[in-house]
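What follows is model.cif (mmCIF, C-alpha atoms, pLDDT in the B column; chains and numbers go by the auth columns).
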data_model
#
loop_
_atom_site.group_PDB
_atom_site.id
_atom_site.type_symbol
_atom_site.label_atom_id
_atom_site.label_comp_id
_atom_site.label_asym_id
_atom_site.label_seq_id
_atom_site.Cartn_x
_atom_site.Cartn_y
_atom_site.Cartn_z
_atom_site.B_iso_or_equiv
_atom_site.auth_seq_id
_atom_site.auth_asym_id
ATOM 1 C CA MET A 1 -16.678 6.882 -17.367 48.00 9 R
ATOM 2 C CA SER A 2 -17.887 4.835 -14.411 61.00 10 R
ATOM 3 C CA LYS A 3 -16.447 5.778 -11.032 86.00 11 R
ATOM 4 C CA VAL A 4 -16.818 2.169 -9.852 93.00 12 R
ATOM 5 C CA PHE A 5 -13.885 -0.197 -10.424 95.00 13 R
ATOM 6 C CA GLN A 6 -15.024 -3.822 -10.460 96.00 14 R
ATOM 7 C CA PHE A 7 -12.768 -6.496 -9.012 97.00 15 R
ATOM 8 C CA LYS A 8 -13.539 -10.229 -9.009 98.00 16 R
ATOM 9 C CA GLN A 9 -14.806 -10.306 -5.412 98.00 17 R
ATOM 10 C CA PHE A 10 -15.594 -6.662 -4.610 98.00 18 R
ATOM 11 C CA SER A 11 -16.303 -3.246 -6.115 97.00 19 R
ATOM 12 C CA VAL A 12 -14.485 0.025 -5.442 97.00 20 R
ATOM 13 C CA ASP A 13 -16.353 3.307 -5.726 94.00 21 R
ATOM 14 C CA GLN A 14 -13.740 6.013 -6.385 92.00 22 R
ATOM 15 C CA THR A 15 -15.956 9.060 -5.774 86.00 23 R
ATOM 16 C CA ASN A 16 -14.218 11.983 -4.042 80.00 24 R
ATOM 17 C CA CYS A 17 -10.837 10.226 -3.803 81.00 25 R
ATOM 18 C CA GLY A 18 -7.749 12.147 -4.894 75.00 26 R
ATOM 19 C CA MET A 19 -5.896 8.911 -5.619 75.00 27 R
ATOM 20 C CA LYS A 20 -7.871 6.517 -7.831 82.00 28 R
ATOM 21 C CA VAL A 21 -7.403 2.778 -8.197 91.00 29 R
ATOM 22 C CA ASN A 22 -4.108 2.370 -10.035 93.00 30 R
ATOM 23 C CA THR A 23 -1.387 -0.115 -10.884 95.00 31 R
ATOM 24 C CA ASP A 24 0.715 0.793 -7.837 95.00 32 R
ATOM 25 C CA ALA A 25 -2.138 -0.025 -5.463 95.00 33 R
ATOM 26 C CA ALA A 26 -2.974 -3.262 -7.284 97.00 34 R
ATOM 27 C CA ILE A 27 0.629 -4.474 -7.169 98.00 35 R
ATOM 28 C CA LEU A 28 1.091 -3.543 -3.510 98.00 36 R
ATOM 29 C CA GLY A 29 -2.220 -5.097 -2.505 98.00 37 R
ATOM 30 C CA SER A 30 -1.358 -8.366 -4.210 98.00 38 R
ATOM 31 C CA ILE A 31 2.284 -8.632 -3.162 97.00 39 R
ATOM 32 C CA ALA A 32 2.151 -7.530 0.495 98.00 40 R
ATOM 33 C CA THR A 33 2.233 -10.774 2.454 97.00 41 R
ATOM 34 C CA ASN A 34 3.387 -12.360 5.673 97.00 42 R
ATOM 35 C CA ASP A 35 2.830 -15.508 7.701 95.00 43 R
ATOM 36 C CA ASN A 36 0.139 -15.845 10.370 94.00 44 R
ATOM 37 C CA ILE A 37 -1.554 -12.476 9.895 97.00 45 R
ATOM 38 C CA GLY A 38 -3.946 -11.709 12.706 98.00 46 R
ATOM 39 C CA TYR A 39 -3.891 -7.924 12.457 98.00 47 R
ATOM 40 C CA ALA A 40 -2.982 -5.732 9.483 98.00 48 R
ATOM 41 C CA LEU A 41 -2.944 -1.972 8.982 98.00 49 R
ATOM 42 C CA GLU A 42 -3.185 0.122 5.841 98.00 50 R
ATOM 43 C CA ILE A 43 -1.966 3.706 6.166 96.00 51 R
ATOM 44 C CA GLY A 44 -3.734 6.121 3.804 94.00 52 R
ATOM 45 C CA THR A 45 -6.409 3.752 2.540 95.00 53 R
ATOM 46 C CA GLY A 46 -8.006 6.176 0.023 93.00 54 R
ATOM 47 C CA THR A 47 -10.675 4.148 -1.755 95.00 55 R
ATOM 48 C CA GLY A 48 -9.922 1.164 0.482 96.00 56 R
ATOM 49 C CA VAL A 49 -8.750 -1.019 -2.389 97.00 57 R
ATOM 50 C CA ILE A 50 -5.590 -2.378 -0.755 98.00 58 R
ATOM 51 C CA ALA A 51 -7.393 -3.150 2.507 98.00 59 R
ATOM 52 C CA LEU A 52 -10.065 -4.993 0.519 98.00 60 R
ATOM 53 C CA MET A 53 -7.428 -7.017 -1.335 98.00 61 R
ATOM 54 C CA LEU A 54 -5.829 -7.978 1.975 98.00 62 R
ATOM 55 C CA ALA A 55 -9.215 -8.971 3.394 98.00 63 R
ATOM 56 C CA GLN A 56 -9.836 -11.209 0.382 98.00 64 R
ATOM 57 C CA ARG A 57 -6.458 -12.935 0.732 98.00 65 R
ATOM 58 C CA TYR A 58 -6.538 -13.255 4.542 98.00 66 R
ATOM 59 C CA PRO A 59 -10.138 -14.118 5.520 97.00 67 R
ATOM 60 C CA SER A 60 -9.316 -14.489 9.226 97.00 68 R
ATOM 61 C CA ALA A 61 -7.360 -11.223 9.540 98.00 69 R
ATOM 62 C CA ASN A 62 -8.577 -8.034 11.211 98.00 70 R
ATOM 63 C CA ILE A 63 -7.664 -5.047 9.058 98.00 71 R
ATOM 64 C CA ASP A 64 -7.507 -1.441 10.219 98.00 72 R
ATOM 65 C CA ALA A 65 -7.512 1.219 7.494 98.00 73 R
ATOM 66 C CA VAL A 66 -6.458 4.750 8.395 97.00 74 R
ATOM 67 C CA GLU A 67 -7.500 7.739 6.274 95.00 75 R
ATOM 68 C CA ILE A 68 -7.128 11.428 7.160 92.00 76 R
ATOM 69 C CA ASP A 69 -9.201 12.900 4.301 92.00 77 R
ATOM 70 C CA ASP A 70 -12.912 13.158 5.178 93.00 78 R
ATOM 71 C CA MET A 71 -14.304 12.558 1.685 92.00 79 R
ATOM 72 C CA ALA A 72 -11.979 9.648 0.983 92.00 80 R
ATOM 73 C CA SER A 73 -12.954 8.186 4.356 95.00 81 R
ATOM 74 C CA ASP A 74 -16.627 8.324 3.382 95.00 82 R
ATOM 75 C CA THR A 75 -15.874 6.507 0.143 95.00 83 R
ATOM 76 C CA ALA A 76 -13.695 3.836 1.778 96.00 84 R
ATOM 77 C CA GLU A 77 -16.264 3.203 4.498 96.00 85 R
ATOM 78 C CA LEU A 78 -18.969 2.705 1.859 96.00 86 R
ATOM 79 C CA ASN A 79 -16.737 0.302 -0.061 97.00 87 R
ATOM 80 C CA PHE A 80 -16.060 -1.663 3.122 98.00 88 R
ATOM 81 C CA LYS A 81 -19.708 -1.847 4.198 98.00 89 R
ATOM 82 C CA THR A 82 -20.930 -3.025 0.793 97.00 90 R
ATOM 83 C CA SER A 83 -18.272 -5.743 0.491 98.00 91 R
ATOM 84 C CA ARG A 84 -18.412 -9.348 1.664 98.00 92 R
ATOM 85 C CA PHE A 85 -15.414 -8.556 3.887 98.00 93 R
ATOM 86 C CA ALA A 86 -17.121 -5.856 5.997 98.00 94 R
ATOM 87 C CA HIS A 87 -16.698 -7.841 9.234 98.00 95 R
ATOM 88 C CA GLN A 88 -12.898 -7.799 8.823 98.00 96 R
ATOM 89 C CA LEU A 89 -12.457 -4.123 8.012 98.00 97 R
ATOM 90 C CA LYS A 90 -12.341 -1.097 10.297 98.00 98 R
ATOM 91 C CA LEU A 91 -12.107 2.444 8.888 98.00 99 R
ATOM 92 C CA ILE A 92 -10.240 4.844 11.174 98.00 100 R
ATOM 93 C CA ARG A 93 -10.753 8.550 10.413 97.00 101 R
ATOM 94 C CA SER A 94 -7.437 9.854 11.623 95.00 102 R
ATOM 95 C CA SER A 95 -3.849 10.587 10.788 94.00 103 R
ATOM 96 C CA PHE A 96 -1.634 7.565 11.220 95.00 104 R
ATOM 97 C CA GLN A 97 0.316 9.505 13.858 95.00 105 R
ATOM 98 C CA ASP A 98 -2.810 9.912 16.010 96.00 106 R
ATOM 99 C CA HIS A 99 -3.806 6.306 15.401 97.00 107 R
ATOM 100 C CA PHE A 100 -0.439 5.077 16.642 97.00 108 R
ATOM 101 C CA LEU A 101 -0.786 7.273 19.748 96.00 109 R
ATOM 102 C CA ASN A 102 -4.298 5.962 20.410 95.00 110 R
ATOM 103 C CA CYS A 103 -3.408 2.257 20.131 93.00 111 R
ATOM 104 C CA GLN A 104 -0.202 2.043 22.119 90.00 112 R
ATOM 105 C CA GLY A 105 -0.349 -1.700 22.713 91.00 113 R
ATOM 106 C CA GLN A 106 -1.554 -2.769 19.263 96.00 114 R
ATOM 107 C CA LYS A 107 0.863 -4.851 17.212 98.00 115 R
ATOM 108 C CA TYR A 108 0.404 -5.542 13.511 98.00 116 R
ATOM 109 C CA ASP A 109 1.716 -8.486 11.534 98.00 117 R
ATOM 110 C CA LEU A 110 1.498 -6.444 8.341 98.00 118 R
ATOM 111 C CA ILE A 111 1.546 -2.679 7.711 98.00 119 R
ATOM 112 C CA VAL A 112 1.138 -1.450 4.129 98.00 120 R
ATOM 113 C CA SER A 113 1.114 1.989 2.577 96.00 121 R
ATOM 114 C CA ASN A 114 1.025 3.578 -0.845 93.00 122 R
ATOM 115 C CA PRO A 115 1.967 6.907 0.746 86.00 123 R
ATOM 116 C CA PRO A 116 2.216 10.440 -0.607 68.00 124 R
ATOM 117 C CA TYR A 117 5.424 10.413 -2.614 57.00 125 R
ATOM 118 C CA PHE A 118 6.215 13.950 -3.821 42.00 126 R
ATOM 119 C CA VAL A 119 8.506 14.953 -0.962 43.00 127 R
ATOM 120 C CA ASP A 120 8.841 18.700 -0.258 42.00 128 R
ATOM 121 C CA SER A 121 7.688 19.476 -3.815 39.00 129 R
ATOM 122 C CA LEU A 122 5.393 22.039 -5.426 38.00 130 R
ATOM 123 C CA LYS A 123 1.825 21.329 -4.347 43.00 131 R
ATOM 124 C CA SER A 124 -1.015 20.746 -6.812 43.00 132 R
ATOM 125 C CA ALA A 125 -4.108 22.941 -6.749 45.00 133 R
ATOM 126 C CA ALA A 126 -6.678 20.319 -5.719 47.00 134 R
ATOM 127 C CA LYS A 127 -6.784 19.748 -1.945 42.00 135 R
ATOM 128 C CA SER A 128 -7.605 16.034 -2.257 41.00 136 R
ATOM 129 C CA LYS A 129 -4.641 15.491 -4.564 44.00 137 R
ATOM 130 C CA ILE A 130 -2.356 17.390 -2.177 37.00 138 R
ATOM 131 C CA LEU A 131 -3.286 15.008 0.642 34.00 139 R
ATOM 132 C CA ALA A 132 -2.990 11.961 -1.587 36.00 140 R
ATOM 133 C CA ARG A 133 0.271 12.728 -3.372 42.00 141 R
ATOM 134 C CA HIS A 134 2.396 15.252 -1.448 41.00 142 R
ATOM 135 C CA THR A 135 4.297 14.954 1.803 51.00 143 R
ATOM 136 C CA ASP A 136 7.496 15.981 3.549 66.00 144 R
ATOM 137 C CA THR A 137 10.461 14.276 5.152 82.00 145 R
ATOM 138 C CA GLU A 138 8.830 14.409 8.587 87.00 146 R
ATOM 139 C CA PHE A 139 6.025 12.189 7.281 88.00 147 R
ATOM 140 C CA PHE A 140 8.433 9.334 6.600 91.00 148 R
ATOM 141 C CA LYS A 141 10.276 9.847 9.897 91.00 149 R
ATOM 142 C CA ASN A 142 6.973 9.455 11.736 93.00 150 R
ATOM 143 C CA LEU A 143 5.865 6.535 9.554 95.00 151 R
ATOM 144 C CA ILE A 144 9.039 4.568 10.176 95.00 152 R
ATOM 145 C CA ALA A 145 9.186 5.392 13.891 95.00 153 R
ATOM 146 C CA GLY A 146 5.504 4.554 14.424 96.00 154 R
ATOM 147 C CA SER A 147 5.704 1.341 12.437 97.00 155 R
ATOM 148 C CA SER A 148 8.741 0.162 14.390 96.00 156 R
ATOM 149 C CA ASN A 149 6.721 0.443 17.607 96.00 157 R
ATOM 150 C CA HIS A 150 3.621 -1.289 16.228 97.00 158 R
ATOM 151 C CA LEU A 151 4.989 -4.232 14.253 98.00 159 R
ATOM 152 C CA SER A 152 4.795 -7.664 15.837 97.00 160 R
ATOM 153 C CA PRO A 153 8.182 -9.446 16.172 96.00 161 R
ATOM 154 C CA HIS A 154 7.686 -11.099 12.764 97.00 162 R
ATOM 155 C CA GLY A 155 5.732 -8.171 11.283 98.00 163 R
ATOM 156 C CA LEU A 156 6.543 -6.508 7.962 98.00 164 R
ATOM 157 C CA LEU A 157 6.093 -2.986 6.596 98.00 165 R
ATOM 158 C CA TYR A 158 5.503 -2.671 2.835 98.00 166 R
ATOM 159 C CA LEU A 159 5.936 0.710 1.108 97.00 167 R
ATOM 160 C CA ILE A 160 5.601 1.401 -2.624 96.00 168 R
ATOM 161 C CA LEU A 161 7.564 4.475 -3.679 95.00 169 R
ATOM 162 C CA PRO A 162 9.368 6.233 -6.527 93.00 170 R
ATOM 163 C CA LEU A 163 13.058 5.399 -6.458 94.00 171 R
ATOM 164 C CA ASP A 164 14.272 8.744 -5.082 91.00 172 R
ATOM 165 C CA THR A 165 11.726 8.695 -2.251 91.00 173 R
ATOM 166 C CA ALA A 166 12.667 5.081 -1.505 94.00 174 R
ATOM 167 C CA GLU A 167 16.283 6.183 -1.028 93.00 175 R
ATOM 168 C CA LEU A 168 15.121 8.744 1.527 90.00 176 R
ATOM 169 C CA ALA A 169 13.096 6.096 3.364 93.00 177 R
ATOM 170 C CA LYS A 170 16.053 3.704 3.429 95.00 178 R
ATOM 171 C CA LYS A 171 18.327 6.376 4.930 93.00 179 R
ATOM 172 C CA LEU A 172 15.802 7.007 7.695 93.00 180 R
ATOM 173 C CA LEU A 173 15.923 3.327 8.689 95.00 181 R
ATOM 174 C CA SER A 174 19.396 3.869 10.146 91.00 182 R
ATOM 175 C CA THR A 175 17.892 5.816 13.054 89.00 183 R
ATOM 176 C CA SER A 176 15.164 3.250 13.746 93.00 184 R
ATOM 177 C CA LYS A 177 14.808 -0.337 14.947 95.00 185 R
ATOM 178 C CA LEU A 178 13.763 -1.416 11.458 97.00 186 R
ATOM 179 C CA HIS A 179 15.824 -3.074 8.725 97.00 187 R
ATOM 180 C CA LEU A 180 15.400 -3.446 4.982 98.00 188 R
ATOM 181 C CA GLU A 181 14.636 -7.066 4.088 97.00 189 R
ATOM 182 C CA LYS A 182 13.770 -6.792 0.399 98.00 190 R
ATOM 183 C CA THR A 183 13.557 -4.313 -2.478 98.00 191 R
ATOM 184 C CA ILE A 184 11.223 -5.161 -5.362 98.00 192 R
ATOM 185 C CA PHE A 185 11.755 -3.026 -8.465 98.00 193 R
ATOM 186 C CA ILE A 186 8.769 -2.498 -10.766 98.00 194 R
ATOM 187 C CA HIS A 187 9.411 -2.150 -14.514 98.00 195 R
ATOM 188 C CA SER A 188 6.873 -1.316 -17.196 97.00 196 R
ATOM 189 C CA PHE A 189 8.777 -3.329 -19.840 98.00 197 R
ATOM 190 C CA PRO A 190 11.725 -5.755 -19.708 97.00 198 R
ATOM 191 C CA GLU A 191 14.163 -3.179 -21.097 96.00 199 R
ATOM 192 C CA SER A 192 12.864 -0.141 -19.212 97.00 200 R
ATOM 193 C CA LYS A 193 14.251 1.312 -16.007 97.00 201 R
ATOM 194 C CA PRO A 194 12.222 0.722 -12.837 98.00 202 R
ATOM 195 C CA TYR A 195 9.710 3.469 -12.105 96.00 203 R
ATOM 196 C CA ARG A 196 8.682 2.316 -8.611 96.00 204 R
ATOM 197 C CA CYS A 197 9.992 0.003 -5.949 97.00 205 R
ATOM 198 C CA ILE A 198 8.491 -1.777 -2.980 98.00 206 R
ATOM 199 C CA LEU A 199 10.473 -1.727 0.247 98.00 207 R
ATOM 200 C CA VAL A 200 9.881 -4.669 2.579 98.00 208 R
ATOM 201 C CA ILE A 201 10.969 -3.679 6.081 98.00 209 R
ATOM 202 C CA GLY A 202 11.010 -5.569 9.367 98.00 210 R
ATOM 203 C CA LEU A 203 12.520 -5.801 12.844 96.00 211 R
ATOM 204 C CA ARG A 204 14.850 -8.659 11.963 92.00 212 R
ATOM 205 C CA MET A 205 18.379 -7.873 10.782 89.00 213 R
ATOM 206 C CA GLN A 206 19.247 -9.903 7.700 88.00 214 R
ATOM 207 C CA CYS A 207 20.853 -9.614 4.298 92.00 215 R
ATOM 208 C CA ALA A 208 18.494 -7.633 2.047 94.00 216 R
ATOM 209 C CA VAL A 209 17.526 -9.225 -1.261 97.00 217 R
ATOM 210 C CA THR A 210 16.474 -7.643 -4.548 98.00 218 R
ATOM 211 C CA GLN A 211 13.724 -8.743 -6.930 97.00 219 R
ATOM 212 C CA LYS A 212 11.854 -7.234 -9.858 97.00 220 R
ATOM 213 C CA ILE A 213 8.410 -7.302 -11.454 98.00 221 R
ATOM 214 C CA VAL A 214 7.830 -6.563 -15.146 98.00 222 R
ATOM 215 C CA ILE A 215 4.286 -5.568 -16.117 98.00 223 R
ATOM 216 C CA TYR A 216 4.329 -5.769 -19.945 98.00 224 R
ATOM 217 C CA ASN A 217 6.153 -7.856 -22.514 97.00 225 R
ATOM 218 C CA SER A 218 5.071 -5.223 -25.055 96.00 226 R
ATOM 219 C CA HIS A 219 2.284 -2.651 -25.369 92.00 227 R
ATOM 220 C CA LYS A 220 -0.888 -4.086 -23.724 90.00 228 R
ATOM 221 C CA ASN A 221 0.720 -7.530 -23.593 97.00 229 R
ATOM 222 C CA TYR A 222 1.012 -8.459 -19.916 98.00 230 R
ATOM 223 C CA THR A 223 3.758 -10.701 -18.588 98.00 231 R
ATOM 224 C CA GLU A 224 2.897 -14.056 -17.055 98.00 232 R
ATOM 225 C CA GLU A 225 4.268 -12.940 -13.679 97.00 233 R
ATOM 226 C CA TYR A 226 1.979 -9.895 -13.624 98.00 234 R
ATOM 227 C CA ILE A 227 -1.049 -11.987 -14.628 98.00 235 R
ATOM 228 C CA HIS A 228 -0.227 -14.529 -11.918 98.00 236 R
ATOM 229 C CA LEU A 229 0.114 -11.741 -9.356 98.00 237 R
ATOM 230 C CA LEU A 230 -3.279 -10.152 -10.141 98.00 238 R
ATOM 231 C CA LYS A 231 -5.348 -13.081 -11.429 98.00 239 R
ATOM 232 C CA ASP A 232 -7.308 -13.467 -8.180 98.00 240 R
ATOM 233 C CA TYR A 233 -8.351 -9.807 -8.224 98.00 241 R
ATOM 234 C CA LEU A 234 -8.612 -8.222 -11.681 97.00 242 R
ATOM 235 C CA THR A 235 -11.487 -9.178 -13.977 97.00 243 R
ATOM 236 C CA ILE A 236 -9.280 -8.862 -17.089 96.00 244 R
ATOM 237 C CA PHE A 237 -7.324 -11.991 -16.059 96.00 245 R
#
In structure tokens, what does this structure look like?
Amino acid sequence: MSKVFQFKQFSVDQTNCGMKVNTDAAILGSIATNDNIGYALEIGTGTGVIALMLAQRYPSANIDAVEIDDMASDTAELNFKTSRFAHQLKLIRSSFQDHFLNCQGQKYDLIVSNPPYFVDSLKSAAKSKILARHTDTEFFKNLIAGSSNHLSPHGLLYLILPLDTAELAKKLLSTSKLHLEKTIFIHSFPESKPYRCILVIGLRMQCAVTQKIVIYNSHKNYTEEYIHLLKDYLTIF
């Protein structure tokens, strides 16, 4: 099987990445949006796919992509350099905590992350998968605190998470300057329970709204809303 995932306007080499291109990343990359984006940040870029999707949608934006894993960083940097969006993208080989410390005055109009989501759970054997998929409560405390200090006044933080981890993240908002603006539940089928949700978080206090996305009408039969969401990126649409 080829390790290169072909999108309509760029290619993603997945070599040495614990987290491959997947539906979660595609949905987050296509749905994360805001007005007047000058600077955006992806935390835990992995292959770089979400950063590349943002660069395609916002051709005038400057996008920083943070990745702590050395091998994944090599892969993401290659994907950035070989894309038509190379001039917009900056790979930062660091933890997001160190990045936030090193760019005290930087404000982002959009911060996105498909973060590790197995909180305080049994770790898998492969080191790359541990970094990509496992974390602890402190990770989310630092993510929320750091994001609150680096969002522009109208900036938004997008996180895609399993439902139980999303509940943890929402509880942590109470000790920060951030507020939940929207929850988007992701369903595989119309009748199925949501298996992921996207939290949209910002500095403005307002009444949070709830939406949902359904991927399939039936087996391998995509919904019109999912096709519309991904039609600018995926070659199958």
Using all atoms listed in the file, find the one residue out of R:Lys11, R:Lys16, R:Lys220, R:Lys28 that sits nearest to Asn122 in chain R.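 Closest residue, counting all atoms listed in the file: R:Lys28.
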Can you give me, as number ranges by chain, the residues this file yields under the PyMOL selection byres ((chain R and resi 217) around 9)? R: 188-192, 215-216, 218-219
Same residues, C-alpha atoms, saved as an mmCIF file, in the frame of the given file:
data_model
loop_
_atom_site.group_PDB
_atom_site.id
_atom_site.type_symbol
_atom_site.label_atom_id
_atom_site.label_comp_id
_atom_site.auth_asym_id
_atom_site.auth_seq_id
_atom_site.Cartn_x
_atom_site.Cartn_y
_atom_site.Cartn_z
ATOM 1 C CA LEU R 188 15.400 -3.446 4.982
ATOM 2 C CA GLU R 189 14.636 -7.066 4.088
ATOM 3 C CA LYS R 190 13.770 -6.792 0.399
ATOM 4 C CA THR R 191 13.557 -4.313 -2.478
ATOM 5 C CA ILE R 192 11.223 -5.161 -5.362
ATOM 6 C CA CYS R 215 20.853 -9.614 4.298
ATOM 7 C CA ALA R 216 18.494 -7.633 2.047
ATOM 8 C CA THR R 218 16.474 -7.643 -4.548
ATOM 9 C CA GLN R 219 13.724 -8.743 -6.930
#
Write out as JSON an axis-aligned box for range 21-37 of chain R: all of its atoms listed in the file, 3 Å added on each side, centre and edge lengths in Å with one decimal.
{"center_x": -7.6, "center_y": 3.5, "center_z": -6.7, "size_x": 23.4, "size_y": 23.2, "size_z": 14.4}
Kindly resolve the PyMOL selection byres ((chain R and resi 104) around 12) on the present coordinates and return the residues as a PyMOL selection string. chain R and resi 49-53+72-77+99-103+105-111+119-121+123+147-148+150-155+158
Coordinates-based distance that separates CA of Cys25 in chain R from CA of Glu85 in chain R (Å, one decimal): 12.2 Å
The PyMOL selection byres ((chain R and resi 95) around 12) applied to the shown file, residues as a ChimeraX atom specification: /R:60,63-64,67-72,88-94,96-99
Closest to Gly46 in chain R among R:Gly26, R:Gly113, R:Gly163, R:Pro198, using all atoms listed in the file?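 Under the stated criterion, the closest residue is R:Gly163.
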Could you list, as a PyMOL selection string, every residue within 9 Å of Asp32 in chain R, counting all atoms listed in the file and ignoring same-chain residues fewer than 6 positions away? chain R and resi 122+168-169+204
Keeping only C-alpha atoms, take the residues you just selected and write them out as a PDB file, in the frame of the given file.
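Here's the written file again-v4.pdb:
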ATOM      1  CA  ASN R 122       1.025   3.578  -0.845  1.00 93.00           C
ATOM      2  CA  ILE R 168       5.601   1.401  -2.624  1.00 96.00           C
ATOM      3  CA  LEU R 169       7.564   4.475  -3.679  1.00 95.00           C
ATOM      4  CA  ARG R 204       8.682   2.316  -8.611  1.00 96.00           C
TER       5      ARG R 204
END
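Every protein or nucleic acid residue with an atom no more than 7 Å from Ile209 in chain R, counting only C-alpha atoms and leaving out same-chain residues fewer than 4 positions away, appears here: Leu164, Leu165, Tyr166, Leu186, His187, Leu188 and Glu189 of chain R.
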In Å and to one decimal, CA of Ser156 in chain R is distant from CA of Lys185 in chain R by 6.1 Å
Out of R:Glu146, R:Val208, R:Asp240, R:Thr183, which residue has the shortest atom-to-atom distance to Ala34 in chain R when counting all atoms listed in the file? R:Asp240
